[in-house]
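Enquirer: File name model.txt; file contents compact mmCIF, C-alpha atoms; full text below.
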```txt
# COMPACT_ATOMS: atom_id res chain seq x y z
CA MET A 12 191.48 -52.65 112.98
CA ALA A 13 189.63 -53.38 116.21
CA ASN A 14 191.11 -53.00 119.65
CA VAL A 15 193.13 -56.04 120.75
CA PRO A 16 191.90 -57.60 124.03
CA MET A 17 194.51 -57.45 126.75
CA THR A 18 195.08 -59.31 129.97
CA ASP A 19 194.98 -57.13 133.07
CA ALA A 20 198.37 -56.52 134.60
CA VAL A 21 199.28 -58.25 137.86
CA ALA A 22 200.86 -56.12 140.56
CA ASN A 23 204.59 -56.61 141.15
CA THR A 24 205.12 -58.53 137.87
CA VAL A 25 206.95 -57.59 134.72
CA ALA A 26 204.76 -56.99 131.67
CA VAL A 27 204.88 -59.77 129.12
CA ALA A 28 206.10 -58.66 125.67
CA ALA A 29 202.93 -59.94 124.04
CA GLU A 30 200.78 -57.71 126.28
CA TYR A 31 203.08 -54.74 125.63
CA ASN A 32 202.68 -55.30 121.87
CA LYS A 33 198.89 -55.45 122.27
CA ALA A 34 198.97 -52.08 124.06
CA LEU A 35 201.02 -50.58 121.24
CA ALA A 36 198.61 -52.02 118.65
CA ASN A 37 195.67 -50.43 120.48
CA ILE A 38 197.43 -47.05 120.65
CA ARG A 39 198.24 -47.21 116.92
CA ASP A 40 194.63 -48.17 116.13
CA LEU A 41 193.32 -45.21 118.14
CA ASP A 42 195.80 -42.88 116.40
CA ALA A 43 194.72 -44.11 112.95
CA ARG A 44 191.05 -43.58 113.80
CA LEU A 45 191.73 -40.06 115.05
CA ARG A 46 193.58 -39.21 111.84
CA VAL A 47 190.60 -40.32 109.75
CA LEU A 48 188.26 -38.24 111.91
CA GLU A 49 190.51 -35.19 111.71
CA ALA A 50 190.79 -35.50 107.93
CA ALA A 51 187.01 -35.67 107.63
CA THR A 52 186.47 -32.53 109.70
CA ALA A 53 189.69 -30.59 109.15
CA SER A 54 188.19 -28.25 106.57
CA SER A 55 186.23 -25.19 107.53
CA LEU A 56 182.80 -26.74 107.70
CA GLY A 57 180.21 -24.11 107.03
CA ARG A 58 180.56 -20.87 105.04
CA ILE A 59 183.92 -20.73 103.26
CA ALA A 60 183.38 -18.12 100.53
CA GLY A 61 180.87 -15.72 99.09
CA SER A 62 180.36 -12.96 96.59
CA ARG A 63 178.13 -9.89 96.62
CA ARG A 64 176.97 -8.22 93.40
CA THR A 65 175.75 -4.62 93.50
CA THR A 66 175.30 -4.03 89.76
CA GLY A 67 172.63 -5.50 87.55
CA VAL A 68 173.09 -7.91 84.67
CA GLY A 69 170.91 -6.78 81.79
CA PRO A 70 168.41 -5.80 80.72
CA SER A 71 169.02 -8.29 77.99
CA ALA A 72 167.23 -10.92 75.91
CA PHE A 73 169.76 -13.49 77.24
CA THR A 74 169.77 -15.45 73.99
CA THR A 75 173.16 -16.90 74.96
CA GLU A 76 174.10 -18.43 78.28
CA THR A 77 175.23 -15.45 80.37
CA LEU A 78 177.02 -15.38 83.72
CA ILE A 79 174.96 -13.66 86.41
CA GLN A 80 177.22 -14.34 89.41
CA ALA A 81 180.39 -16.25 90.34
CA VAL A 82 182.59 -16.98 93.34
CA THR A 83 186.12 -18.40 93.61
CA PHE A 84 187.29 -20.57 96.51
CA THR A 85 189.76 -23.32 97.41
CA ALA A 86 188.20 -26.78 97.17
CA GLN A 87 189.46 -29.91 98.87
CA ASN A 88 189.37 -33.48 97.59
CA GLY A 89 186.42 -35.55 98.67
CA ARG A 90 184.27 -32.68 99.97
CA ARG A 91 180.69 -31.75 99.11
CA TYR A 92 179.85 -28.08 98.68
CA ARG A 93 176.51 -26.26 98.83
CA PHE A 94 175.99 -23.14 96.73
CA THR A 95 173.25 -20.70 97.66
CA MET A 96 172.39 -17.78 95.41
CA ASP A 97 169.92 -15.03 96.26
CA TYR A 98 168.90 -12.83 93.31
CA GLN A 99 165.99 -10.85 91.88
CA ASN A 100 164.85 -10.09 88.37
CA VAL A 101 162.38 -7.96 86.45
CA ALA A 102 161.11 -9.27 83.12
CA ALA A 103 159.46 -7.45 80.21
CA ASP A 104 157.32 -10.54 79.52
CA THR A 105 156.67 -14.00 80.92
CA SER A 106 159.68 -15.51 79.20
CA TYR A 107 161.21 -18.77 80.32
CA PHE A 108 164.84 -19.23 81.27
CA GLY A 109 167.25 -22.00 82.01
CA VAL A 110 169.60 -21.51 84.95
CA TRP A 111 172.86 -23.46 84.93
CA GLY A 112 175.39 -23.94 87.71
CA ARG A 113 178.89 -24.52 86.34
CA TYR A 114 182.42 -24.76 87.74
CA ALA A 115 185.98 -24.62 86.46
CA ALA A 116 189.36 -25.26 88.04
CA ALA A 117 190.46 -21.69 87.35
CA ALA A 118 190.02 -18.08 88.41
CA THR A 119 187.05 -17.73 86.03
CA VAL A 120 184.23 -19.92 84.78
CA THR A 121 182.55 -19.80 81.38
CA ASN A 122 179.47 -21.42 79.88
CA THR A 123 181.67 -24.38 78.93
CA GLY A 124 182.46 -25.14 82.59
CA THR A 125 181.37 -28.43 84.12
CA GLN A 126 177.63 -28.38 84.80
CA PHE A 127 176.39 -29.42 88.26
CA TYR A 128 172.95 -27.73 88.31
CA TYR A 129 170.06 -26.91 85.97
CA ARG A 130 166.55 -25.54 86.56
CA ASP A 131 163.85 -23.91 84.44
CA THR A 132 162.41 -20.61 85.67
CA SER A 133 160.25 -17.81 84.31
CA GLY A 134 160.17 -14.05 84.35
CA GLY A 135 156.84 -14.01 86.20
CA THR A 136 154.60 -10.95 85.90
CA PRO A 137 155.85 -8.59 83.17
CA GLY A 138 157.34 -5.35 84.42
CA ASN A 139 157.09 -6.21 88.10
CA TRP A 140 159.85 -7.00 90.54
CA GLU A 141 159.88 -10.67 91.32
CA GLY A 142 160.24 -11.73 94.91
CA PRO A 143 163.72 -12.87 95.90
CA LYS A 144 164.71 -16.05 94.12
CA VAL A 145 166.97 -18.52 95.84
CA ILE A 146 169.00 -21.30 94.27
CA ILE A 147 170.37 -24.06 96.47
CA ALA A 148 172.61 -26.56 94.72
CA GLU A 149 175.27 -29.06 95.77
CA ALA A 150 178.28 -30.51 94.03
CA ALA A 151 180.78 -33.17 95.02
CA GLY A 152 183.95 -34.27 93.28
CA LEU A 153 185.23 -30.80 92.51
CA PRO A 154 188.96 -30.70 91.75
CA ALA A 155 191.23 -29.76 94.65
CA GLY A 156 192.61 -26.22 94.52
CA GLN A 157 191.19 -23.03 93.10
CA VAL A 158 187.65 -23.47 91.75
CA THR A 159 185.26 -20.87 90.40
CA VAL A 160 181.53 -21.55 90.46
CA GLY A 161 179.07 -19.50 88.49
CA PHE A 162 175.37 -19.41 87.72
CA PHE A 163 174.37 -18.70 84.13
CA VAL A 164 171.02 -17.87 82.54
CA ARG A 165 169.69 -18.24 78.97
CA ARG A 166 166.24 -17.62 77.53
CA THR A 167 164.43 -20.84 76.59
CA GLY A 168 161.12 -19.26 75.53
CA GLY A 169 159.59 -15.81 74.98
CA SER A 170 161.15 -12.70 73.50
CA GLY A 171 161.31 -9.84 76.02
CA SER A 172 164.19 -8.56 78.04
CA THR A 173 165.03 -9.37 81.64
CA ASP A 174 167.10 -7.51 84.17
CA PHE A 175 168.85 -9.44 86.95
CA ARG A 176 168.76 -6.56 89.40
CA ALA A 177 171.24 -5.62 92.07
CA ASP A 178 172.34 -2.38 93.68
CA ALA A 179 173.96 -1.29 96.92
CA GLY A 180 170.66 -1.45 98.78
CA GLN A 181 169.51 -4.75 97.25
CA PRO A 182 172.59 -6.81 96.39
CA SER A 183 172.69 -10.31 94.98
CA PHE A 184 174.61 -12.93 96.96
CA LEU A 185 176.32 -16.24 96.18
CA TRP A 186 177.61 -18.29 99.12
CA VAL A 187 179.70 -21.47 99.31
CA ASP A 188 179.36 -23.83 102.27
CA ASP A 189 181.45 -26.92 102.94
CA VAL A 190 178.87 -29.51 104.01
CA GLY A 191 181.22 -32.43 104.61
CA ILE A 192 182.01 -35.72 102.99
```
Before anything else, please render the file you have as structure tokens.
Expert:
Amino acid sequence: MANVPMTDAVANTVAVAAEYNKALANIRDLDARLRVLEAATASSLGRIAGSRRTTGVGPSAFTTETLIQAVTFTAQNGRRYRFTMDYQNVAADTSYFGVWGRYAAAATVTNTGTQFYYRDTSGGTPGNWEGPKVIIAEAAGLPAGQVTVGFFVRRTGGSGSTDFRADAGQPSFLWVDDVGI
């Protein structure tokens, strides 16, 4: 609703009821607009959760979709979330992998969780540490309440093993950021 135009008051006169009602309508309109703005920004925009992994996953052939990292947080209706994962791996050959991002309205997520991300990747140079790999993915429409997001990997070509490395000195991270509506 737009602001209602009002007639300026005249000194030493009593306000007309119609003008008083216009003032109330304008105040209510401003209040409604502020509520919408507050609802849009009331969440903790920015980093809201994260996980740090200091143990490796593998080495393995990863012939089944395997969880490499997860994080649990409280989602709100109508928000969009960005997930950033920083990890490193060492492969025995130049195998190819699929990486899935999945979520579930629970304290855990499995490979049957709702998919919101997929990318193909490879092991790179056999036996050598790969440079840090970063996944950036977004999802909207998550259910309100407790949600767990995880990234899973499965071999899609090749036959060697891969180790998704992590230790105290070189941990793997998964962060959740609320990026708005």
Enquirer: Would you compute the distance between CA of Thr132 (chain A) and CA of Gly180 (chain A)? Give it in Å to one decimal.
Expert: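 Interatomic distance, CA of Thr132 (chain A) to CA of Gly180 (chain A): 24.6 Å.
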Enquirer: Neighbours of Val120 (chain A) within 12 Å (all atoms listed in the file; same-chain residues fewer than 6 positions away dropped), as a PyMOL selection string?
Expert: chain A and resi 77-83+111-114+126+157-163
Enquirer: Using only C-alpha atoms, which of A:Arg44, A:Gly89, A:Ala28, A:Pro154 sits nearest Ala13 (chain A)?
Expert: A:Arg44
Enquirer: Which value, in Å to one decimal, gives the distance between CA of Gly191 (chain A) and CA of Gly61 (chain A)?
Expert: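 A separation of 17.6 Å between them.
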Enquirer: What does the structure give for the distance between CA of Trp140 (chain A) and CA of Gln99 (chain A), in Å to one decimal?
Expert: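 Rounded to one decimal, the two atoms are 7.4 Å apart.
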Enquirer: Could you tell me, as JSON, numbers by chain, which residues have any atom at most 12 Å from (158.1, -18.9, 73.2), counting all atoms listed in the file?
Expert: {"A": [104, 105, 106, 107, 108, 133, 166, 167, 168, 169, 170, 171]}
Enquirer: Which neighbours of Ile146 (chain A) fall inside 7 Å, counting only C-alpha atoms, when residues of the same chain fewer than 4 positions from it are skipped, and could you give them as a list in words?
Expert: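 Counting only the stated atoms, we get Thr95, Met96 and Asp97 of chain A.
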Enquirer: Taking only C-alpha atoms into account, name the residue in A:Arg93, A:Gly156, A:Asn100, A:Arg63 that is nearest to Phe127 (chain A).
Expert: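 Checking each of A:Arg93, A:Gly156, A:Asn100, A:Arg63 against Phe127 (chain A), counting only C-alpha atoms, the winner is A:Arg93.
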Enquirer: Compare A:Asp19, A:Glu149, A:Glu141, A:Asp178 by their minimum atom-to-atom distance to Arg90 (chain A), counting all atoms listed in the file, and give me the closest one.
Expert: A:Glu149
Enquirer: List the neighbours of Ile59 (chain A) out to 12 Å using all atoms listed in the file; skip same-chain residues closer than 2 positions along the sequence, and give me the result as an MDAnalysis selection string.
Expert: chainID A and resid 54:57 61:62 82:87 92:94 185:190
Enquirer: Excluding same-chain residues fewer than 5 positions from Val15 (chain A), what lies within 12 Å of it counting only C-alpha atoms, as a list in words?
Expert: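 Counting only the stated atoms, we get Ala29, Glu30, Tyr31, Asn32, Lys33, Ala34, Leu35, Ala36, Asn37, Ile38, Arg39, Asp40 and Leu41 of chain A.
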Enquirer: Which protein, DNA or RNA residues are at most 6 Å from (171.5, -25.7, 92.3) in the file's coordinates when you count all atoms listed in the file, listed as a list in words?
Expert: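 The residues near that point, listed by chain and number, are Tyr128, Ile146, Ile147 and Ala148 of chain A.
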Enquirer: Using all atoms listed in the file, which of A:Ile192, A:Ala177, A:Val110, A:Val25 sits nearest Val68 (chain A)?
Expert: A:Ala177
Enquirer: Ranking A:Ser183, A:Ala60, A:Ala103, A:Pro16 by minimum distance to Val145 (chain A) and counting only C-alpha atoms, which one comes first?
Expert: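 Looking at the shortest contact to Val145 (chain A), the residue is A:Ser183.
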